[in-house]
Amino acid sequence: MVEFLINATIFLLVGIAVVLILSLVSLISEQKSPKSRYRRNYRKPRFLPRFKKFNSQVFLGFSLIFLALILSFQSSYTNDLWEDKDVSEVNFIQRLLAIPPERKAECQLGFSYVNLLREIHGRNKLNWDERAYDLAVARSKDMYKRDYFDHVTPEGTCAKDLQKEYGFSSQEFLAENLSMRTYYTVINGVETDKKVQLPTLAKVTEVVDGWMNSRGHRYNLLFPNHQAGAIGCYKNFCTFFGVNQENFGGGKCTTGEEGLEFWRNVEKQPDEVDYP
């Protein structure tokens with residue numbers, strides 16, 4: 001933000017200088033004009049044309065200032081986000097320029113990609129479930145805001161404890177995939193740990209590819225008895241829910257590490273697909 005204020009001051013001063021120069025050039029050119037002597041004999045109407053011309057110059061100058069400020073702000077705001085992912089104090093202009101954190105259209109595109117993969121492997125097409133989307137966004141946002149990454153919240157709850165609140169019946173079960181993707185910058189050839197939240201987020205289709213390269217996550221994406229589902233993201237956190245009535249995803253809450261340990265040791269499951 002400090003960088004923005006410095007740039008804003010510079011652009012403001014430059015803009016004022018541009019307006020003054022344009023006005024001065026206009027006045028000098030008018031004095032040299034052959035018609036200027038004629039206009040001086042009619043002082044009453046002379047002020048209005050000059051005033052209109054001056055107004056147009058002021059409008060042009062301040063339009064350039066405003067454009068420069070927007071560009072300056074967008075650059076400095078993005079740099080600020082590299083330093084800190086807390087955007088709770090973002091003002092109206094910042095929110096206007098920021099990428100929507102939920103990226104719903106992109107999530108729907110990623111979900112279509114899931115259906116394409118399911119079709120390739122002989123699975124049924126999943127219906128988009130708005131309830132699953134809302135819960136997926138809520139889970140992603142909760143992890144982002146509270147700075148954790150797991151199927152189990154710090155309080156020990158998980159998705160099944162929230163499903164009734166989002167309109168799911170006791171006969172419906174939710175199987176959850178999670179992803180947290182962060183890009184890294186390279187400064188002077190050295191990789192840093194500064195998180196890039198906006199605008200270089202991982203594409204949702206890239207998130208799906210990551211799940212497909214993980215045995216347990218792939219099994220969930222391609223589970224043959226899912227009927228519906230959704231992908232919901234918040235910033236660089238994304239969640240997939242598959243909705244079924246086969247008790248897949250039911251049972252006690254299990255952490256991500258417990259899930260990984262299970263898939264490292266369990267034998268190949270029925271309908272499990274190998275993936276290159």
# chains A, B, ... in the order shown; residues from 1 in each chain; ligands from 1
$ residues_around --residues "Ala132 (chain A)" --least-positions-apart "3" --cutoff "12 Å" --atoms "only C-alpha atoms" --output "PyMOL selection string"
chain A and resi 111+126-129+135-139+159-160+162-168+172-176+227-233+239-244
$ closest_atom_pairs --of "region 167-263 of chain A" --to "region 113-117 of chain A" --cutoff "10 Å" --atoms "only C-alpha atoms" --output "tab-separated table"
residue	atom	partner	partner_atom	distance
A:Val204	CA	A:Tyr113	CA	9.3
A:Thr205	CA	A:Tyr113	CA	6.8
A:Val208	CA	A:Val114	CA	7.1
A:Asp209	CA	A:Val114	CA	9.3
A:Met212	CA	A:Leu117	CA	9.2
A:Leu221	CA	A:Val114	CA	7.0
A:Leu222	CA	A:Leu117	CA	7.9
A:Ala230	CA	A:Val114	CA	9.6
A:Ile231	CA	A:Val114	CA	9.6
$ closest_residue --among "A:Asp271, A:Thr153, A:Ile16, A:Asn236" --to "Ile99 (chain A)" --atoms "only C-alpha atoms"
A:Asn236
